[in-house]
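Scroll down for the structure; my scribbles are underneath it.
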Amino acid sequence: MKLSKGWLATIIIVAVILIDQIVKIWVKTNFFYGEEYVITDWFRLYFIENNGMAFGFEFGSKLILTWFRIIAVGLFIYYIYRIRCRTDIPTGFMACIALITAGAAGNVIDCIFYGLIFDAPAFPYTATLFPPDGGYGTIFNGRVVDMLYFPLVEWNWPEWMPWVGGNHFVFFQPIFNIADAALSVGVIVLILFYSRHLSGNALKITDDKEETPKADE
């Protein structure tokens, strides 16, 4: 039996959120803040937290950002529900929307609940899940947990170079999480392979029973 687009989107969203939260909770309760575990020269686990958007970028008010994420997730879920039966929507397009939804939702969970369910002990102690004395913050003021670090290449700039001479350069520096990765992959694949579905009738929310031409998947 072929899996429907609606069920595919549901499975992707649930799976990404579960994996993302399991990894975050494991890192939060087993790493002290700033701890690094080297897996290879180009892949490490490095525990940090941030108040901002994906890859640690900061943007505006924390509370406004959290509510923006909640509204965005709700709109994406509504959009998936309305287009789940449309035959002109490719399966890959639906998978990308599901990845974006899951990525946004994964970080929303951190922002809403982590301040309530985790403490923030000083170095070198690790956080406790559901501490008896309460969490480090209030609802909607949790910090997003990041841990994936890929310093693919690094070098020291020659001293004679202007502005950057003598500085150490690392590519790729951002530290992120699985939710960030899912969101980024969804957006990139959507733009590269489904850009024609980002405008016109493909984005129009139509009645689920409307007959439309079948698209290539």
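Labels used: A, B, ... for chains in the order of the structure tokens, numbers from 1 for residues in each chain, and numbers from 1 for ligands as shown.
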Practice prompt. Find the spatial neighbours of Tyr149 of chain A, counting only C-alpha atoms, within a cut-off of 9 Å - ignore same-chain residues fewer than 4 positions away - and output them as a list in words.
Written response: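 So the residues in contact are Trp42, Phe43, Arg44, Leu45, Tyr46, Phe172, Gln173, Pro174, Ile175, Phe176 and Asn177 of chain A.
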Item to complete: Would you return as JSON, numbers by chain the members of segment 84-196 of chain A that DSSP assigns to helix (DSSP H, G or I) on this structure's backbone?
Response: {"A": [91, 92, 93, 94, 95, 96, 97, 98, 99, 100, 101, 102, 103, 104, 105, 106, 107, 108, 109, 110, 111, 112, 113, 114, 115, 116, 117, 178, 179, 180, 181, 182, 183, 184, 185, 186, 187, 188, 189, 190, 191, 192, 193, 195, 196]}
Worksheet item: Pick the closest to Glu154 of chain A from A:Val170, A:Leu192, A:Ile22, A:Ala127: which is it, counting only C-alpha atoms?
Response: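 Among the listed residues, the smallest separation from Glu154 of chain A belongs to A:Val170.
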Practice prompt. For atom CA of Phe32 of chain A and atom CA of Pro151 of chain A, quote the distance in Å rounded to one decimal.
Written response: 20.5 Å
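Atom to atom, atom CA of Leu18 of chain A and atom CA of Leu198 of chain A stand 28.1 Å apart.
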Worksheet item: Near Leu99 of chain A, counting only C-alpha atoms, which residues have an atom at most 6 Å away, once you skip same-chain residues fewer than 3 positions from it, shown as a PyMOL selection string?
Response: chain A and resi 96+102+182-183+186
